[in-house]
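Novice: Here's a structure for you.
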Amino acid sequence: MKRTFSMFLFVILLGALTSGLLLGMDLLTRERININKEYVWRTTILDHHNISYTTVNFIDYFEGETPVIRTETQVDPLTDEELTIYVNDDIGYISLYFKGTGLWGPLEGILTMEADFMTIVDVSILIETETPGLGGVVAERKHLNQYSGQRFDSFTGLTGVANISNSESEIIIVSGATGTSNAFLLTLNTTHTKYARVFDIGEVNYEFIWRSAILEHNKISYTTENFASVFESNFETLTKTNPNTDEEVSVYRNKANGNISYHFEGNGFVGPIEGTITLASDFKTVVDISITMQTENRGGNVDERDFLDQFIGKEFDNVTGLIYLKGASAKNEIEILAGIQGSATITTSGLINALNATRELYAELFDLGGE
Amino acid sequence: MKWIRLKYKKWYQILKNGIADTNPIVVSVLGICSALAVTNRVENAIAMGIGVTFVIMASSATVSLLRNLIPPKVRMVAYMVIISTFTIMVQMFLEGFFPTIATRLGAYVGLIITNCIVMGRAEAFAIKNPVRYTLVDGFANGMGYTFVLIAISSIREVLAFGEFLGMRVMPESWINWGLFALAPGGFFVLAMIAWLLRTMTKQYEEQEA
């Protein structure tokens, strides 16, 4: 009893000692850490805009009487997220703070583009927890310098290549760190598309993203020049009003084989998941599925073909729809996304729920074999 | 005369043991994970060495100070709490007052928590010795760790990147040995250095009869 009591006392003593030390250090450093963080991201923007500053006057460029860098904020209607861009009206540069996920943790930094919102002026990574010497190389200046002057492709954004960059949208990835490199490119592409959509700037071709996905599901060849006309000649568009939202919704019927394609939207563990699915003419059997937008962390591989290919050939049950579980085998069962348990399961559930809800709604609206 | 007497002083023996005779990496084979992870650049090795040295000294001193109060059954948990506390304090202090160094160190500071040497010294030395010797022991082991890290990284950085401390030292025609930037390269160099130092200091494993 005495021993237990002394142990209990020691735990209390150690807890108080260590908590006191940490609280004291937090009090001592919290304000300075916040100031340092603000200093770092604001001065990174100033560096990108070639503006000289001191530790005292850096804030004046943003919040002085006549600020050089104008702050513009909009709310993303899809996620209610507040997005901010930093615009230098003298030279036209536009900067933004991007947040994404690398292979091991957060990946955050500043992306600056020219007035066209497509040509990159500079990129800096401020927060990363990648493997030093491997994935961590992605954040090194030598690697990031190659982004200057490159351009987001209107259709595909930035793409990673192994050795030689042959076009202005190609980035040479870090050898031995493909995972981190791809995660970084995905972060930049997703962020760029999101800001372009919310602020209505840049030349991102949203039409291409979903139309090309449907054409690929139906094994129809296209190019970036002719995709719109190929789509029109191969698909019939059916449109109805969604009684729940009063918005117009459409499905696209393949004129040759009756396949039906449509968009879906749902919520994953972190944010929205959007995509396109194609069902056979029975409106049950999955022909193919693509994810066109997602912001997941540990369920980030939700858009990878290894995961999505299992949907092909599966059938929606008219009562239960698709269901997700470990060890999926039946026609309407989908294997849970591999990843960190919990968050990856929520990502899977968000996707499956969105697919089931959208199909149920469209079956009723368009009278498509959902009985 | 004084120098001859020096080697009979306890603090000198502790210092010598930590740096050479029982070097944590090449003799005790502790802290190998971080030694492999961070030694592809000399700069990383120096930063990690300094951080580990501070945490060993601070945590060992605290363990020594509380050694008569720590119940034996929960001593390992107590070490973990103490080590984590000092590691987080180092991280906060650097982020607050030396942000440039904090940025340069990056994830290395957090990795100190997982370093076996820190807990090893708490269990093997600090729990049985007074604070003043514990501080010397922490410093000695930290320096022993740092010197080996610098030795490994000096070879790996030159072979893997053709550079030393970020400066080009190999001719432009040099083709980087990418393997040495990866963990297998670290294993090769570590094994060679361990073999060399053990031979020089005559630290051999005892043969079973």
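Starting from 1 in every chain, residues are counted up; chains themselves are A, B, ... following the order of the structure tokens, and ligands are numbered from 1 as listed.
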Using only C-alpha atoms, determine which residues of chain A fall within 10 Å of chain B; present them as an MDAnalysis selection string.
Specialist: chainID A and resid 3:4 6:11 13:15 17:19 21:26 28:37 40 126:134 136 175:176
Novice: For the residues selected in the previous step, produce a file with C-alpha atoms as a compact mmCIF listing (two decimals), in the first residue's frame.
Specialist:
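Final file, out26.txt:
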```
# COMPACT_ATOMS: atom_id res chain seq x y z
CA ARG A 3 4.66 1.47 -2.24
CA THR A 4 1.59 2.17 -4.36
CA SER A 6 4.69 6.55 -3.12
CA MET A 7 4.47 5.60 -6.79
CA PHE A 8 1.29 7.62 -7.15
CA LEU A 9 2.98 10.58 -5.48
CA PHE A 10 5.97 10.27 -7.80
CA VAL A 11 3.74 10.25 -10.89
CA LEU A 13 5.42 15.01 -8.89
CA LEU A 14 6.89 14.11 -12.28
CA GLY A 15 3.76 15.23 -14.08
CA LEU A 17 7.52 19.05 -12.89
CA THR A 18 7.41 18.28 -16.60
CA SER A 19 4.15 20.14 -17.19
CA LEU A 21 8.70 23.08 -17.48
CA LEU A 22 6.72 22.82 -20.71
CA LEU A 23 4.17 25.46 -19.70
CA GLY A 24 6.97 27.80 -18.67
CA MET A 25 8.77 27.27 -21.98
CA ASP A 26 5.49 27.74 -23.85
CA LEU A 28 8.39 32.13 -22.82
CA THR A 29 8.32 31.22 -26.50
CA ARG A 30 4.69 31.24 -27.74
CA GLU A 31 4.56 34.88 -28.79
CA ARG A 32 7.99 34.76 -30.38
CA ILE A 33 7.15 31.56 -32.27
CA ASN A 34 3.99 33.14 -33.69
CA ILE A 35 5.89 36.28 -34.68
CA ASN A 36 8.63 34.16 -36.27
CA LYS A 37 6.08 32.10 -38.22
CA VAL A 40 8.75 33.68 -42.30
CA LEU A 126 8.08 26.42 -45.15
CA ILE A 127 6.87 23.35 -43.25
CA GLU A 128 7.74 19.73 -44.07
CA THR A 129 8.51 16.54 -42.17
CA GLU A 130 9.86 14.38 -44.98
CA THR A 131 12.86 12.04 -44.70
CA PRO A 132 16.01 14.21 -44.56
CA GLY A 133 18.17 13.72 -47.64
CA LEU A 134 15.38 11.93 -49.56
CA GLY A 136 13.27 16.41 -47.70
CA SER A 175 15.22 10.43 -57.41
CA GLY A 176 14.43 8.01 -54.56
```
Novice: What's the 6 Å shell around stretch 145-160 of chain A, counting only C-alpha atoms, without same-chain residues fewer than 6 positions away, as a ChimeraX atom specification?
Specialist: /A:118-122,168-173,189,203-205
Novice: I need the chosen residues saved as a compact mmCIF listing (two decimals), in the first residue's frame, with C-alpha atoms.
Specialist:
```txt
# COMPACT_ATOMS: atom_id res chain seq x y z
CA MET A 118 -0.48 30.09 -64.64
CA THR A 119 3.26 30.92 -64.86
CA ILE A 120 5.21 30.19 -61.69
CA VAL A 121 7.50 32.91 -60.36
CA ASP A 122 8.75 30.97 -57.34
CA GLU A 168 7.10 24.04 -69.49
CA SER A 169 4.68 22.06 -67.31
CA GLU A 170 7.08 19.18 -66.52
CA ILE A 171 8.98 19.00 -63.23
CA ILE A 172 11.89 16.64 -62.59
CA ILE A 173 11.01 14.64 -59.49
CA ASN A 189 -2.08 21.23 -58.71
CA GLU A 203 -6.92 29.35 -67.52
CA VAL A 204 -7.74 26.05 -65.88
CA ASN A 205 -9.90 23.96 -68.18
```
Novice: What is the distance between atom CA of B:Ile150 and atom CA of B:Phe125, in Å to one decimal?
Specialist: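 It comes out at 25.0 Å.
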Novice: Would you mind telling me which residue in B:Leu65, B:Met76, B:Lys9, B:Ala58 lies nearest to B:Asn129 when using only C-alpha atoms?
Specialist: B:Leu65
Novice: Write out as a PyMOL selection string which residues come within 8 Å of B:Met143 when counting only C-alpha atoms, dropping same-chain ones fewer than 2 positions away.
Specialist: chain B and resi 18-19+49+53+139-141+145-147
Novice: In Å to one decimal, how far is atom CA of B:Glu43 from atom CA of B:Gly166?
Specialist: 8.1 Å
Novice: In Å, rounded to a single decimal, give me how far atom CA of A:Val287 is from atom CA of A:Gly313.
Specialist: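 These two atoms are separated by 6.2 Å.
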Novice: Within stretch 104-294 of chain A, find each residue whose DSSP state, derived from the backbone, is alpha helix (DSSP H), and express the selection as a PDB file with N, CA and C atoms, in the first residue's frame.
Specialist:
```
ATOM      1  N   ARG A 141      16.303  24.430 -51.992  1.00  0.00           N
ATOM      2  CA  ARG A 141      16.288  25.496 -53.003  1.00  0.00           C
ATOM      3  C   ARG A 141      16.706  24.983 -54.384  1.00  0.00           C
ATOM      4  N   LYS A 142      17.723  24.102 -54.383  1.00  0.00           N
ATOM      5  CA  LYS A 142      18.218  23.572 -55.667  1.00  0.00           C
ATOM      6  C   LYS A 142      17.087  22.894 -56.443  1.00  0.00           C
ATOM      7  N   HIS A 143      16.239  22.164 -55.727  1.00  0.00           N
ATOM      8  CA  HIS A 143      15.128  21.475 -56.377  1.00  0.00           C
ATOM      9  C   HIS A 143      14.041  22.461 -56.771  1.00  0.00           C
ATOM     10  N   LEU A 144      13.737  23.404 -55.877  1.00  0.00           N
ATOM     11  CA  LEU A 144      12.611  24.324 -56.106  1.00  0.00           C
ATOM     12  C   LEU A 144      12.904  25.329 -57.224  1.00  0.00           C
ATOM     13  N   THR A 178       9.944   9.442 -54.897  1.00  0.00           N
ATOM     14  CA  THR A 178       8.811   9.605 -55.808  1.00  0.00           C
ATOM     15  C   THR A 178       7.524   9.938 -55.052  1.00  0.00           C
ATOM     16  N   GLY A 179       7.327   9.295 -53.893  1.00  0.00           N
ATOM     17  CA  GLY A 179       6.111   9.523 -53.111  1.00  0.00           C
ATOM     18  C   GLY A 179       5.969  10.970 -52.693  1.00  0.00           C
ATOM     19  N   THR A 180       7.035  11.533 -52.122  1.00  0.00           N
ATOM     20  CA  THR A 180       6.987  12.923 -51.683  1.00  0.00           C
ATOM     21  C   THR A 180       6.842  13.860 -52.883  1.00  0.00           C
ATOM     22  N   SER A 181       7.586  13.580 -53.950  1.00  0.00           N
ATOM     23  CA  SER A 181       7.530  14.437 -55.141  1.00  0.00           C
ATOM     24  C   SER A 181       6.120  14.489 -55.704  1.00  0.00           C
ATOM     25  N   ASN A 182       5.500  13.315 -55.832  1.00  0.00           N
ATOM     26  CA  ASN A 182       4.138  13.270 -56.373  1.00  0.00           C
ATOM     27  C   ASN A 182       3.142  13.953 -55.442  1.00  0.00           C
ATOM     28  N   ALA A 183       3.345  13.765 -54.121  1.00  0.00           N
ATOM     29  CA  ALA A 183       2.457  14.415 -53.156  1.00  0.00           C
ATOM     30  C   ALA A 183       2.576  15.934 -53.260  1.00  0.00           C
ATOM     31  N   PHE A 184       3.786  16.419 -53.475  1.00  0.00           N
ATOM     32  CA  PHE A 184       3.996  17.869 -53.593  1.00  0.00           C
ATOM     33  C   PHE A 184       3.342  18.407 -54.864  1.00  0.00           C
ATOM     34  N   LEU A 185       3.524  17.689 -55.968  1.00  0.00           N
ATOM     35  CA  LEU A 185       2.909  18.125 -57.227  1.00  0.00           C
ATOM     36  C   LEU A 185       1.376  18.109 -57.115  1.00  0.00           C
ATOM     37  N   LEU A 186       0.853  17.082 -56.444  1.00  0.00           N
ATOM     38  CA  LEU A 186      -0.602  16.999 -56.254  1.00  0.00           C
ATOM     39  C   LEU A 186      -1.087  18.190 -55.430  1.00  0.00           C
ATOM     40  N   THR A 187      -0.320  18.541 -54.384  1.00  0.00           N
ATOM     41  CA  THR A 187      -0.685  19.690 -53.546  1.00  0.00           C
ATOM     42  C   THR A 187      -0.727  20.965 -54.380  1.00  0.00           C
ATOM     43  N   LEU A 188       0.318  21.175 -55.196  1.00  0.00           N
ATOM     44  CA  LEU A 188       0.364  22.388 -56.022  1.00  0.00           C
ATOM     45  C   LEU A 188      -0.789  22.409 -57.029  1.00  0.00           C
ATOM     46  N   ASN A 189      -1.017  21.277 -57.692  1.00  0.00           N
ATOM     47  CA  ASN A 189      -2.083  21.229 -58.708  1.00  0.00           C
ATOM     48  C   ASN A 189      -3.461  21.441 -58.082  1.00  0.00           C
ATOM     49  N   THR A 190      -3.705  20.769 -56.950  1.00  0.00           N
ATOM     50  CA  THR A 190      -5.005  20.890 -56.284  1.00  0.00           C
ATOM     51  C   THR A 190      -5.220  22.321 -55.806  1.00  0.00           C
ATOM     52  N   THR A 191      -4.180  22.894 -55.189  1.00  0.00           N
ATOM     53  CA  THR A 191      -4.288  24.261 -54.675  1.00  0.00           C
ATOM     54  C   THR A 191      -4.529  25.235 -55.819  1.00  0.00           C
ATOM     55  N   HIS A 192      -3.761  25.075 -56.901  1.00  0.00           N
ATOM     56  CA  HIS A 192      -3.889  25.988 -58.034  1.00  0.00           C
ATOM     57  C   HIS A 192      -5.298  25.934 -58.617  1.00  0.00           C
ATOM     58  N   THR A 193      -5.816  24.712 -58.800  1.00  0.00           N
ATOM     59  CA  THR A 193      -7.157  24.555 -59.370  1.00  0.00           C
ATOM     60  C   THR A 193      -8.209  25.179 -58.453  1.00  0.00           C
ATOM     61  N   LYS A 194      -8.043  24.934 -57.140  1.00  0.00           N
ATOM     62  CA  LYS A 194      -9.019  25.454 -56.170  1.00  0.00           C
ATOM     63  C   LYS A 194      -9.043  26.988 -56.173  1.00  0.00           C
ATOM     64  N   TYR A 195      -7.864  27.611 -56.114  1.00  0.00           N
ATOM     65  CA  TYR A 195      -7.800  29.074 -56.088  1.00  0.00           C
ATOM     66  C   TYR A 195      -8.290  29.669 -57.406  1.00  0.00           C
ATOM     67  N   ALA A 196      -7.946  28.998 -58.512  1.00  0.00           N
ATOM     68  CA  ALA A 196      -8.394  29.488 -59.827  1.00  0.00           C
ATOM     69  C   ALA A 196      -9.924  29.480 -59.896  1.00  0.00           C
ATOM     70  N   ARG A 197     -10.514  28.421 -59.338  1.00  0.00           N
ATOM     71  CA  ARG A 197     -11.987  28.304 -59.350  1.00  0.00           C
ATOM     72  C   ARG A 197     -12.624  29.359 -58.442  1.00  0.00           C
ATOM     73  N   VAL A 198     -12.092  29.502 -57.228  1.00  0.00           N
ATOM     74  CA  VAL A 198     -12.722  30.404 -56.256  1.00  0.00           C
ATOM     75  C   VAL A 198     -12.536  31.869 -56.655  1.00  0.00           C
ATOM     76  N   PHE A 199     -11.342  32.239 -57.144  1.00  0.00           N
ATOM     77  CA  PHE A 199     -11.078  33.646 -57.484  1.00  0.00           C
ATOM     78  C   PHE A 199     -11.361  33.941 -58.959  1.00  0.00           C
ATOM     79  N   TYR A 206     -11.637  23.309 -66.619  1.00  0.00           N
ATOM     80  CA  TYR A 206     -12.389  22.353 -65.787  1.00  0.00           C
ATOM     81  C   TYR A 206     -13.160  21.355 -66.640  1.00  0.00           C
ATOM     82  N   GLU A 207     -13.632  21.851 -67.789  1.00  0.00           N
ATOM     83  CA  GLU A 207     -14.396  20.985 -68.693  1.00  0.00           C
ATOM     84  C   GLU A 207     -13.568  19.761 -69.071  1.00  0.00           C
ATOM     85  N   PHE A 208     -12.281  19.991 -69.339  1.00  0.00           N
ATOM     86  CA  PHE A 208     -11.411  18.896 -69.785  1.00  0.00           C
ATOM     87  C   PHE A 208     -11.299  17.829 -68.708  1.00  0.00           C
ATOM     88  N   ILE A 209     -11.199  18.274 -67.455  1.00  0.00           N
ATOM     89  CA  ILE A 209     -10.955  17.335 -66.359  1.00  0.00           C
ATOM     90  C   ILE A 209     -12.048  16.263 -66.316  1.00  0.00           C
ATOM     91  N   TRP A 210     -13.328  16.685 -66.345  1.00  0.00           N
ATOM     92  CA  TRP A 210     -14.373  15.664 -66.216  1.00  0.00           C
ATOM     93  C   TRP A 210     -14.728  15.021 -67.543  1.00  0.00           C
ATOM     94  N   ARG A 211     -14.679  15.792 -68.646  1.00  0.00           N
ATOM     95  CA  ARG A 211     -15.019  15.200 -69.949  1.00  0.00           C
ATOM     96  C   ARG A 211     -13.986  14.135 -70.337  1.00  0.00           C
ATOM     97  N   SER A 212     -12.697  14.432 -70.086  1.00  0.00           N
ATOM     98  CA  SER A 212     -11.669  13.453 -70.449  1.00  0.00           C
ATOM     99  C   SER A 212     -11.830  12.182 -69.621  1.00  0.00           C
ATOM    100  N   ALA A 213     -12.238  12.334 -68.345  1.00  0.00           N
ATOM    101  CA  ALA A 213     -12.440  11.147 -67.498  1.00  0.00           C
ATOM    102  C   ALA A 213     -13.541  10.261 -68.084  1.00  0.00           C
ATOM    103  N   ILE A 214     -14.650  10.878 -68.525  1.00  0.00           N
ATOM    104  CA  ILE A 214     -15.767  10.095 -69.095  1.00  0.00           C
ATOM    105  C   ILE A 214     -15.342   9.436 -70.410  1.00  0.00           C
ATOM    106  N   LEU A 215     -14.593  10.178 -71.223  1.00  0.00           N
ATOM    107  CA  LEU A 215     -14.128   9.588 -72.494  1.00  0.00           C
ATOM    108  C   LEU A 215     -13.232   8.386 -72.227  1.00  0.00           C
ATOM    109  N   GLU A 216     -12.363   8.514 -71.223  1.00  0.00           N
ATOM    110  CA  GLU A 216     -11.474   7.387 -70.899  1.00  0.00           C
ATOM    111  C   GLU A 216     -12.264   6.196 -70.364  1.00  0.00           C
ATOM    112  N   HIS A 217     -13.275   6.452 -69.542  1.00  0.00           N
ATOM    113  CA  HIS A 217     -14.099   5.340 -69.042  1.00  0.00           C
ATOM    114  C   HIS A 217     -14.706   4.555 -70.209  1.00  0.00           C
ATOM    115  N   PHE A 227     -11.300  17.173 -77.620  1.00  0.00           N
ATOM    116  CA  PHE A 227     -12.063  16.425 -76.615  1.00  0.00           C
ATOM    117  C   PHE A 227     -13.522  16.884 -76.539  1.00  0.00           C
ATOM    118  N   ALA A 228     -13.776  18.195 -76.722  1.00  0.00           N
ATOM    119  CA  ALA A 228     -15.141  18.715 -76.571  1.00  0.00           C
ATOM    120  C   ALA A 228     -16.043  18.190 -77.695  1.00  0.00           C
ATOM    121  N   SER A 229     -15.531  18.245 -78.937  1.00  0.00           N
ATOM    122  CA  SER A 229     -16.354  17.783 -80.057  1.00  0.00           C
ATOM    123  C   SER A 229     -16.527  16.264 -80.033  1.00  0.00           C
ATOM    124  N   VAL A 230     -15.467  15.529 -79.627  1.00  0.00           N
ATOM    125  CA  VAL A 230     -15.586  14.065 -79.515  1.00  0.00           C
ATOM    126  C   VAL A 230     -16.651  13.730 -78.487  1.00  0.00           C
ATOM    127  N   PHE A 231     -16.652  14.477 -77.408  1.00  0.00           N
ATOM    128  CA  PHE A 231     -17.623  14.224 -76.339  1.00  0.00           C
ATOM    129  C   PHE A 231     -19.050  14.454 -76.843  1.00  0.00           C
ATOM    130  N   GLU A 232     -19.245  15.594 -77.518  1.00  0.00           N
ATOM    131  CA  GLU A 232     -20.583  15.933 -78.008  1.00  0.00           C
ATOM    132  C   GLU A 232     -21.106  14.896 -78.986  1.00  0.00           C
ATOM    133  N   SER A 233     -20.228  14.364 -79.846  1.00  0.00           N
ATOM    134  CA  SER A 233     -20.694  13.419 -80.854  1.00  0.00           C
ATOM    135  C   SER A 233     -20.950  12.021 -80.279  1.00  0.00           C
ATOM    136  N   ASN A 234     -20.358  11.720 -79.119  1.00  0.00           N
ATOM    137  CA  ASN A 234     -20.512  10.370 -78.553  1.00  0.00           C
ATOM    138  C   ASN A 234     -21.511  10.277 -77.409  1.00  0.00           C
TER     139      ASN A 234
END
```
Novice: Find, counting only C-alpha atoms, the residue in A:Ile125, A:Val286, A:Val249, A:Ile277 that gets nearest to A:Leu361.
Specialist: A:Val249
Novice: Contacts of A:Tyr324 at 8 Å or less, counting only C-alpha atoms, minus same-chain residues fewer than 6 places along, as a list in words?
Specialist: Glu333, Ile334, Glu335, Ile336, Thr348, Ser349 and Ile352 of chain A
Novice: Give me, as a PyMOL selection string, the residues of stretch 16-135 of chain A that a backbone DSSP run labels strand (DSSP E or B).
Specialist: chain A and resi 69-75+82-88+94-101+106-113+119-128
Novice: Set the distance at 12 Å and use only C-alpha atoms: which residues neighbour B:Trp174 once local chain neighbours fewer than 5 positions away are removed? I'd like the list as a PyMOL selection string.
Specialist: chain B and resi 158-163+168-169
Novice: Find the residues around B:Met192 up to 12 Å (only C-alpha atoms counted), leave out those fewer than 3 positions away in its own chain, and share them as a ChimeraX atom specification.
Specialist: /B:26,148,151-152,155,185-189,195-199
Novice: Excluding same-chain residues fewer than 4 positions from B:Ser28, what lies within 12 Å of it counting only C-alpha atoms, as a ChimeraX atom specification?
Specialist: /B:17-24,32,116-117,120-121,124,141,144-145,194,198,203-205
Novice: Take the selection from the previous step and output its residues with N, CA and C atoms, as a PDB file, in the first residue's frame.
Specialist:
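Written output follows (again_32.pdb):
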```pdb
ATOM      1  N   ASN B  17      35.797   7.266 -21.511  1.00  0.00           N
ATOM      2  CA  ASN B  17      34.896   6.144 -21.828  1.00  0.00           C
ATOM      3  C   ASN B  17      33.820   6.557 -22.830  1.00  0.00           C
ATOM      4  N   GLY B  18      33.185   7.690 -22.561  1.00  0.00           N
ATOM      5  CA  GLY B  18      32.078   8.134 -23.415  1.00  0.00           C
ATOM      6  C   GLY B  18      32.518   8.429 -24.829  1.00  0.00           C
ATOM      7  N   ILE B  19      33.674   9.071 -24.954  1.00  0.00           N
ATOM      8  CA  ILE B  19      34.116   9.462 -26.295  1.00  0.00           C
ATOM      9  C   ILE B  19      34.750   8.288 -27.046  1.00  0.00           C
ATOM     10  N   ALA B  20      35.568   7.480 -26.337  1.00  0.00           N
ATOM     11  CA  ALA B  20      36.323   6.448 -27.046  1.00  0.00           C
ATOM     12  C   ALA B  20      36.024   5.018 -26.588  1.00  0.00           C
ATOM     13  N   ASP B  21      36.386   4.683 -25.350  1.00  0.00           N
ATOM     14  CA  ASP B  21      36.382   3.275 -24.925  1.00  0.00           C
ATOM     15  C   ASP B  21      35.017   2.597 -25.021  1.00  0.00           C
ATOM     16  N   THR B  22      33.963   3.317 -24.629  1.00  0.00           N
ATOM     17  CA  THR B  22      32.615   2.723 -24.764  1.00  0.00           C
ATOM     18  C   THR B  22      31.754   3.610 -25.660  1.00  0.00           C
ATOM     19  N   ASN B  23      32.363   4.092 -26.733  1.00  0.00           N
ATOM     20  CA  ASN B  23      31.652   4.987 -27.655  1.00  0.00           C
ATOM     21  C   ASN B  23      30.250   4.442 -27.965  1.00  0.00           C
ATOM     22  N   PRO B  24      29.212   5.285 -27.791  1.00  0.00           N
ATOM     23  CA  PRO B  24      27.839   4.760 -27.912  1.00  0.00           C
ATOM     24  C   PRO B  24      27.532   4.105 -29.252  1.00  0.00           C
ATOM     25  N   ILE B  32      21.792   3.789 -33.520  1.00  0.00           N
ATOM     26  CA  ILE B  32      22.120   3.450 -34.913  1.00  0.00           C
ATOM     27  C   ILE B  32      21.076   4.026 -35.879  1.00  0.00           C
ATOM     28  N   CYS B 116      18.365   5.887 -28.534  1.00  0.00           N
ATOM     29  CA  CYS B 116      18.593   4.928 -27.435  1.00  0.00           C
ATOM     30  C   CYS B 116      19.673   5.400 -26.475  1.00  0.00           C
ATOM     31  N   ILE B 117      20.620   6.200 -26.951  1.00  0.00           N
ATOM     32  CA  ILE B 117      21.730   6.611 -26.087  1.00  0.00           C
ATOM     33  C   ILE B 117      21.203   7.396 -24.888  1.00  0.00           C
ATOM     34  N   GLY B 120      19.714   5.051 -22.569  1.00  0.00           N
ATOM     35  CA  GLY B 120      20.816   4.172 -22.136  1.00  0.00           C
ATOM     36  C   GLY B 120      21.639   4.811 -21.030  1.00  0.00           C
ATOM     37  N   ARG B 121      21.980   6.084 -21.185  1.00  0.00           N
ATOM     38  CA  ARG B 121      22.796   6.752 -20.160  1.00  0.00           C
ATOM     39  C   ARG B 121      22.007   6.974 -18.886  1.00  0.00           C
ATOM     40  N   ALA B 124      21.989   3.383 -17.344  1.00  0.00           N
ATOM     41  CA  ALA B 124      23.284   2.796 -17.006  1.00  0.00           C
ATOM     42  C   ALA B 124      24.102   3.676 -16.063  1.00  0.00           C
ATOM     43  N   ASN B 141      29.316  11.182 -23.795  1.00  0.00           N
ATOM     44  CA  ASN B 141      28.583  10.312 -24.729  1.00  0.00           C
ATOM     45  C   ASN B 141      28.012  11.096 -25.907  1.00  0.00           C
ATOM     46  N   GLY B 144      30.926  11.688 -28.145  1.00  0.00           N
ATOM     47  CA  GLY B 144      31.294  10.431 -28.811  1.00  0.00           C
ATOM     48  C   GLY B 144      30.361  10.137 -29.963  1.00  0.00           C
ATOM     49  N   TYR B 145      29.093  10.378 -29.742  1.00  0.00           N
ATOM     50  CA  TYR B 145      28.064  10.183 -30.781  1.00  0.00           C
ATOM     51  C   TYR B 145      28.299  11.169 -31.932  1.00  0.00           C
ATOM     52  N   ALA B 194      33.149   1.300 -37.558  1.00  0.00           N
ATOM     53  CA  ALA B 194      33.114   0.505 -36.326  1.00  0.00           C
ATOM     54  C   ALA B 194      34.266  -0.495 -36.302  1.00  0.00           C
ATOM     55  N   ARG B 198      37.182  -0.162 -33.581  1.00  0.00           N
ATOM     56  CA  ARG B 198      37.294  -1.284 -32.646  1.00  0.00           C
ATOM     57  C   ARG B 198      38.678  -1.928 -32.740  1.00  0.00           C
ATOM     58  N   GLN B 203      38.802  -3.155 -29.057  1.00  0.00           N
ATOM     59  CA  GLN B 203      37.509  -3.498 -28.461  1.00  0.00           C
ATOM     60  C   GLN B 203      36.923  -4.673 -29.249  1.00  0.00           C
ATOM     61  N   TYR B 204      37.184  -5.885 -28.782  1.00  0.00           N
ATOM     62  CA  TYR B 204      36.683  -7.056 -29.491  1.00  0.00           C
ATOM     63  C   TYR B 204      35.564  -7.708 -28.695  1.00  0.00           C
ATOM     64  N   GLU B 205      34.627  -8.365 -29.423  1.00  0.00           N
ATOM     65  CA  GLU B 205      33.604  -9.147 -28.743  1.00  0.00           C
ATOM     66  C   GLU B 205      34.287 -10.372 -28.157  1.00  0.00           C
TER      67      GLU B 205
END
```
